[in-house]
Amino acid sequence: MCGLAGLMRLDGRVTVEDVGAVLRMLDAQDHRGPDDWGLLLPDAAARSRELGPLLGRLDPAHVMTYPVERSSATTVLGVRRLAILDRSPRGRMPMGSANRRGWLAYNGETYNYRELRAELGPAESFSSGSDTEVLLRAFDTWGEAALARLRGMFGLAYFQAGPTPTLLLARDRFGIKPLYWHEDRRRVLFASEVTAIVRGGLVPDEASGEALARFLEWGSVPSPLTTVKDVRALPPGHILKISSRGARVERYWDLDGAVEAARRAAPRAAADAVVATRERLEESVRLHLVSDVPLGVFLSGGIDSSALAALAAEGRPQPLTTLSVAFEERALSEAAYARRMAARVGADHHEVLLRAPDVFADLGAFFAAMDQPTVDGLNTWCIARAAREAGLTVVLSGLGGDEVFWG
């Protein structure tokens with residue numbers, strides 16, 4: 001994951017206060033992107049005496065600028081990067097196009113980036129191996145229509161500099177990656193975490209009573225609500241268009257329509273449906289295994305994660321790394337099933353034993369990491385920490401399998 005932070009001034013005048021707020025939002029998300037960082041500013045602002053003391057504390061290699069025309073010094077973008085593809089500085093964000101007018105800040109992964117790259121130009125026209133550069137080229141070429149071509153999970157910001165600058169925020173179809181925003185009379189702010197927006201210092205930290213009520217009812221806070229009254233979540237499958245006229249939310253993908261289209265195209269015979277399902281799972285797992293960093297699988301021993309582990313292990317030259325949670329209470333633990341599955345696929349298996357004293361000792365760190373409250377997630381947080389300690393950066397998970405297959 002990466003951490004995004006940024007803002008667009010509606011009056012076209014970026015100030016020291018704005019840049020300081022974005023830097024504080026980035027600092028609040030350093031856990032999301034430990035590998036690299038970048039900051040984008042208007043070139044006029046970067047040269048100003050007013051910002052000199054603040055920018056003087058930053059490494060200039062991480063500060064990028066865009067040209068200003070008229071009163072268009074509107075936008076500041078920042079990224080904390082967790083590098084998955086092309087871990088070199090060539091993958092640094094925000095990433096700009098050759099003319100320095102199109103800029104992308106991006107959290108997530110696009111699984112069909114190789115196909116898009118082949119469609120967008122010859123290999124020698126790209127300067128990196130990152131999916132970020134492919135997405136930037138896609139938005140420069142197709143505009144917001146690029147979203148319909150993406151297969152992946154993302155929260156992103158695409159900025160177009162010029163006489164009438166615009167900023168486009170987008171969230172993936174299922175809301176796997178988070179994106180939050182706030183609007184007042186002078187600016188629109190956004191970040192990957194609600195906590196980051198509050199720590200920026202420009203938004204009051206006032207609790208939302210409605211969000212609390214929904215949390216107590218559902219066990220989580222449904223979008224567009226957040227725990228902070230004046231901060232909203234961009235809903236899944238939506239974009240936020242920002243210009244000097246303000247911000248407007250629009251839907252770019254409809255779940256009901258997609259389900260109906262899939263139903264019409266689905267095989268009628270059960271045997272054909274089984275074959276089609278396996279083919280799609282195989283393709284999805286293959287695309288998810290593309291990574292320049294160590295990768296593993298969360299394995300519970302259930303059908304969904306076991307299927308993923310089996311597919312991921314096929315044809316690998318080295319053993320797949322798997323991780324499971326175990327409990328001292330045997331009636332609640334699926335560890336034995338996970339061990340059997342790991343042995344079946346020849347995995348290098350790691351087991352995390354969760355005991356009550358350990359869980360209570362970790363609650364403070366867990367709550368700090370969650371950003372938004374949830375009654376679920378503690379097991380995943382514990383095993384994700386174990387994955388990091390095992391040297392893994394990317395992990396495949398069976399989360400969502402029950403919802404998709406009615407398990």
# chains A, B, ... in the order shown; residues from 1 in each chain; ligands from 1
$ residues_around --residues "region 175-177 of chain A" --least-positions-apart "3" --cutoff "12 Å" --atoms "only C-alpha atoms" --output "VMD selection string"
chain A and resid 1 to 4 32 106 to 110 152 to 156 170 to 172 180 191 to 193 222 to 224 233 to 239 253 255 399 to 400
$ residues_around --residues "Leu82 (chain A)" --least-positions-apart "3" --cutoff "12 Å" --atoms "only C-alpha atoms" --output "PyMOL selection string"
chain A and resi 1-4+29-38+79+85-88+91-93+106-109+292-293+393-394
$ select_by_dssp --residues "region 180-253 of chain A" --states "strand (DSSP E)" --output "PyMOL selection string"
chain A and resi 180-183+187-191+232-233+238-243+246-251
$ closest_residue --among "A:Arg248, A:His62, A:Arg47, A:Arg137" --to "Arg90 (chain A)" --atoms "only C-alpha atoms"
A:His62
$ closest_atom_pairs --of "region 206-323 of chain A" --to "region 372-383 of chain A" --cutoff "9 Å" --atoms "only C-alpha atoms" --output "CSV"
residue,atom,partner,partner_atom,distance
A:Phe215,CA,A:Thr374,CA,7.5
A:Trp218,CA,A:Val375,CA,8.9
A:Gly219,CA,A:Val375,CA,5.2
A:Ser220,CA,A:Thr374,CA,4.8
A:Val221,CA,A:Pro373,CA,7.1
A:Thr226,CA,A:Gln372,CA,7.3
A:Thr227,CA,A:Gln372,CA,6.9
A:Phe298,CA,A:Ile383,CA,7.9
A:Leu323,CA,A:Ile383,CA,7.1
$ closest_residue --among "A:Leu10, A:Ala46, A:Ala387, A:Leu392" --to "Pro294 (chain A)" --atoms "only C-alpha atoms"
A:Leu392
$ closest_residue --among "A:Leu54, A:Ala157, A:Ala384, A:Ala45" --to "Gly78 (chain A)" --atoms "only C-alpha atoms"
A:Ala157
$ atom_distance --atom1 "CA of Leu287 (chain A)" --atom2 "CA of Ala312 (chain A)"
10.3 Å
$ closest_residue --among "A:Val404, A:Ala270, A:Leu39, A:Leu135" --to "Asn112 (chain A)" --atoms "only C-alpha atoms"
A:Leu135
$ residues_around --residues "Leu202 (chain A)" --least-positions-apart "3" --cutoff "8 Å" --atoms "only C-alpha atoms" --output "PDB file with C-alpha atoms, in the first residue's frame"
ATOM      1  CA  ALA A  21      -0.563  20.497   5.732  1.00  0.00           C
ATOM      2  CA  ILE A 197      -6.449  14.553   6.930  1.00  0.00           C
ATOM      3  CA  VAL A 198      -7.051  15.491  10.556  1.00  0.00           C
TER       4      VAL A 198
END
$ closest_residue --among "A:Gly296, A:Gly52, A:Pro94, A:Gly315" --to "Val395 (chain A)" --atoms "only C-alpha atoms"
A:Gly296
$ residues_around --residues "Glu329 (chain A)" --least-positions-apart "5" --cutoff "12 Å" --atoms "only C-alpha atoms" --output "PyMOL selection string"
chain A and resi 334-335+353-356
$ atom_distance --atom1 "CA of Arg280 (chain A)" --atom2 "CA of Tyr252 (chain A)"
23.6 Å
$ closest_residue --among "A:Asp140, A:Glu50, A:Asp272, A:Asp184" --to "Gly20 (chain A)" --atoms "only C-alpha atoms"
A:Glu50
$ residues_around --residues "Ser48 (chain A)" --least-positions-apart "5" --cutoff "10 Å" --atoms "only C-alpha atoms" --output "PyMOL selection string"
chain A and resi 15-16+43+53+55
$ decode --residues "region 71-105 of chain A" --atoms "N, CA and C atoms" --output "PDB file, in the first residue's frame"
ATOM      1  N   SER A  71      -3.476  32.067 -13.059  1.00  0.00           N
ATOM      2  CA  SER A  71      -3.660  31.772 -11.629  1.00  0.00           C
ATOM      3  C   SER A  71      -3.918  30.283 -11.443  1.00  0.00           C
ATOM      4  N   SER A  72      -2.954  29.461 -11.896  1.00  0.00           N
ATOM      5  CA  SER A  72      -3.186  28.020 -11.894  1.00  0.00           C
ATOM      6  C   SER A  72      -2.285  27.278 -10.922  1.00  0.00           C
ATOM      7  N   ALA A  73      -1.685  28.004  -9.965  1.00  0.00           N
ATOM      8  CA  ALA A  73      -0.834  27.345  -8.964  1.00  0.00           C
ATOM      9  C   ALA A  73      -1.721  26.762  -7.874  1.00  0.00           C
ATOM     10  N   THR A  74      -2.477  25.739  -8.253  1.00  0.00           N
ATOM     11  CA  THR A  74      -3.587  25.303  -7.413  1.00  0.00           C
ATOM     12  C   THR A  74      -3.315  24.088  -6.549  1.00  0.00           C
ATOM     13  N   THR A  75      -2.387  23.244  -6.950  1.00  0.00           N
ATOM     14  CA  THR A  75      -2.385  21.876  -6.432  1.00  0.00           C
ATOM     15  C   THR A  75      -1.057  21.470  -5.820  1.00  0.00           C
ATOM     16  N   VAL A  76      -1.151  20.706  -4.721  1.00  0.00           N
ATOM     17  CA  VAL A  76       0.000  20.064  -4.090  1.00  0.00           C
ATOM     18  C   VAL A  76      -0.338  18.582  -3.955  1.00  0.00           C
ATOM     19  N   LEU A  77       0.562  17.721  -4.415  1.00  0.00           N
ATOM     20  CA  LEU A  77       0.381  16.276  -4.302  1.00  0.00           C
ATOM     21  C   LEU A  77       1.566  15.664  -3.576  1.00  0.00           C
ATOM     22  N   GLY A  78       1.296  14.646  -2.762  1.00  0.00           N
ATOM     23  CA  GLY A  78       2.368  13.929  -2.088  1.00  0.00           C
ATOM     24  C   GLY A  78       2.067  12.445  -2.019  1.00  0.00           C
ATOM     25  N   VAL A  79       3.124  11.633  -1.994  1.00  0.00           N
ATOM     26  CA  VAL A  79       2.981  10.177  -1.941  1.00  0.00           C
ATOM     27  C   VAL A  79       4.028   9.586  -1.010  1.00  0.00           C
ATOM     28  N   ARG A  80       3.598   8.669  -0.162  1.00  0.00           N
ATOM     29  CA  ARG A  80       4.488   7.757   0.555  1.00  0.00           C
ATOM     30  C   ARG A  80       4.380   6.415  -0.153  1.00  0.00           C
ATOM     31  N   ARG A  81       5.500   5.900  -0.636  1.00  0.00           N
ATOM     32  CA  ARG A  81       5.455   4.758  -1.544  1.00  0.00           C
ATOM     33  C   ARG A  81       5.912   3.450  -0.903  1.00  0.00           C
ATOM     34  N   LEU A  82       5.089   2.424  -1.086  1.00  0.00           N
ATOM     35  CA  LEU A  82       5.491   1.040  -0.859  1.00  0.00           C
ATOM     36  C   LEU A  82       5.743   0.460  -2.242  1.00  0.00           C
ATOM     37  N   ALA A  83       6.989   0.171  -2.563  1.00  0.00           N
ATOM     38  CA  ALA A  83       7.365  -0.215  -3.921  1.00  0.00           C
ATOM     39  C   ALA A  83       7.117  -1.700  -4.152  1.00  0.00           C
ATOM     40  N   ILE A  84       6.333  -2.017  -5.188  1.00  0.00           N
ATOM     41  CA  ILE A  84       6.041  -3.397  -5.568  1.00  0.00           C
ATOM     42  C   ILE A  84       6.647  -3.715  -6.935  1.00  0.00           C
ATOM     43  N   LEU A  85       6.446  -2.826  -7.914  1.00  0.00           N
ATOM     44  CA  LEU A  85       6.981  -2.986  -9.257  1.00  0.00           C
ATOM     45  C   LEU A  85       7.970  -1.863  -9.539  1.00  0.00           C
ATOM     46  N   ASP A  86       9.155  -2.226 -10.035  1.00  0.00           N
ATOM     47  CA  ASP A  86      10.244  -1.279 -10.283  1.00  0.00           C
ATOM     48  C   ASP A  86      10.508  -0.442  -9.034  1.00  0.00           C
ATOM     49  N   ARG A  87      11.296  -0.997  -8.135  1.00  0.00           N
ATOM     50  CA  ARG A  87      11.561  -0.371  -6.845  1.00  0.00           C
ATOM     51  C   ARG A  87      12.595   0.745  -6.937  1.00  0.00           C
ATOM     52  N   SER A  88      13.072   1.049  -8.129  1.00  0.00           N
ATOM     53  CA  SER A  88      14.081   2.092  -8.318  1.00  0.00           C
ATOM     54  C   SER A  88      13.439   3.474  -8.255  1.00  0.00           C
ATOM     55  N   PRO A  89      14.268   4.538  -8.211  1.00  0.00           N
ATOM     56  CA  PRO A  89      13.718   5.903  -8.241  1.00  0.00           C
ATOM     57  C   PRO A  89      12.912   6.207  -9.501  1.00  0.00           C
ATOM     58  N   ARG A  90      13.036   5.391 -10.545  1.00  0.00           N
ATOM     59  CA  ARG A  90      12.238   5.625 -11.756  1.00  0.00           C
ATOM     60  C   ARG A  90      10.744   5.458 -11.484  1.00  0.00           C
ATOM     61  N   GLY A  91      10.409   4.730 -10.410  1.00  0.00           N
ATOM     62  CA  GLY A  91       9.006   4.551 -10.061  1.00  0.00           C
ATOM     63  C   GLY A  91       8.487   5.567  -9.063  1.00  0.00           C
ATOM     64  N   ARG A  92       9.285   6.580  -8.779  1.00  0.00           N
ATOM     65  CA  ARG A  92       8.902   7.579  -7.770  1.00  0.00           C
ATOM     66  C   ARG A  92       7.637   8.325  -8.177  1.00  0.00           C
ATOM     67  N   MET A  93       6.841   8.654  -7.179  1.00  0.00           N
ATOM     68  CA  MET A  93       5.614   9.429  -7.380  1.00  0.00           C
ATOM     69  C   MET A  93       5.612  10.654  -6.468  1.00  0.00           C
ATOM     70  N   PRO A  94       4.795  11.659  -6.858  1.00  0.00           N
ATOM     71  CA  PRO A  94       3.974  11.750  -8.049  1.00  0.00           C
ATOM     72  C   PRO A  94       4.823  11.654  -9.322  1.00  0.00           C
ATOM     73  N   MET A  95       4.292  10.969 -10.311  1.00  0.00           N
ATOM     74  CA  MET A  95       4.995  10.769 -11.573  1.00  0.00           C
ATOM     75  C   MET A  95       4.390  11.686 -12.623  1.00  0.00           C
ATOM     76  N   GLY A  96       5.264  12.342 -13.400  1.00  0.00           N
ATOM     77  CA  GLY A  96       4.797  13.297 -14.391  1.00  0.00           C
ATOM     78  C   GLY A  96       5.063  12.858 -15.813  1.00  0.00           C
ATOM     79  N   SER A  97       4.226  13.326 -16.739  1.00  0.00           N
ATOM     80  CA  SER A  97       4.443  13.064 -18.155  1.00  0.00           C
ATOM     81  C   SER A  97       5.572  13.948 -18.670  1.00  0.00           C
ATOM     82  N   ALA A  98       5.997  13.717 -19.899  1.00  0.00           N
ATOM     83  CA  ALA A  98       7.173  14.399 -20.442  1.00  0.00           C
ATOM     84  C   ALA A  98       7.005  15.915 -20.453  1.00  0.00           C
ATOM     85  N   ASN A  99       5.798  16.407 -20.688  1.00  0.00           N
ATOM     86  CA  ASN A  99       5.584  17.856 -20.738  1.00  0.00           C
ATOM     87  C   ASN A  99       5.275  18.468 -19.373  1.00  0.00           C
ATOM     88  N   ARG A 100       5.323  17.655 -18.309  1.00  0.00           N
ATOM     89  CA  ARG A 100       5.119  18.097 -16.930  1.00  0.00           C
ATOM     90  C   ARG A 100       3.715  18.663 -16.703  1.00  0.00           C
ATOM     91  N   ARG A 101       2.757  18.249 -17.514  1.00  0.00           N
ATOM     92  CA  ARG A 101       1.382  18.727 -17.342  1.00  0.00           C
ATOM     93  C   ARG A 101       0.455  17.666 -16.762  1.00  0.00           C
ATOM     94  N   GLY A 102       0.744  16.406 -16.998  1.00  0.00           N
ATOM     95  CA  GLY A 102      -0.041  15.328 -16.413  1.00  0.00           C
ATOM     96  C   GLY A 102       0.729  14.686 -15.274  1.00  0.00           C
ATOM     97  N   TRP A 103       0.075  14.503 -14.114  1.00  0.00           N
ATOM     98  CA  TRP A 103       0.753  13.959 -12.928  1.00  0.00           C
ATOM     99  C   TRP A 103      -0.146  12.938 -12.247  1.00  0.00           C
ATOM    100  N   LEU A 104       0.480  11.856 -11.764  1.00  0.00           N
ATOM    101  CA  LEU A 104      -0.286  10.788 -11.124  1.00  0.00           C
ATOM    102  C   LEU A 104       0.287  10.445  -9.759  1.00  0.00           C
ATOM    103  N   ALA A 105      -0.590  10.411  -8.760  1.00  0.00           N
ATOM    104  CA  ALA A 105      -0.292   9.868  -7.432  1.00  0.00           C
ATOM    105  C   ALA A 105      -1.206   8.666  -7.259  1.00  0.00           C
TER     106      ALA A 105
END
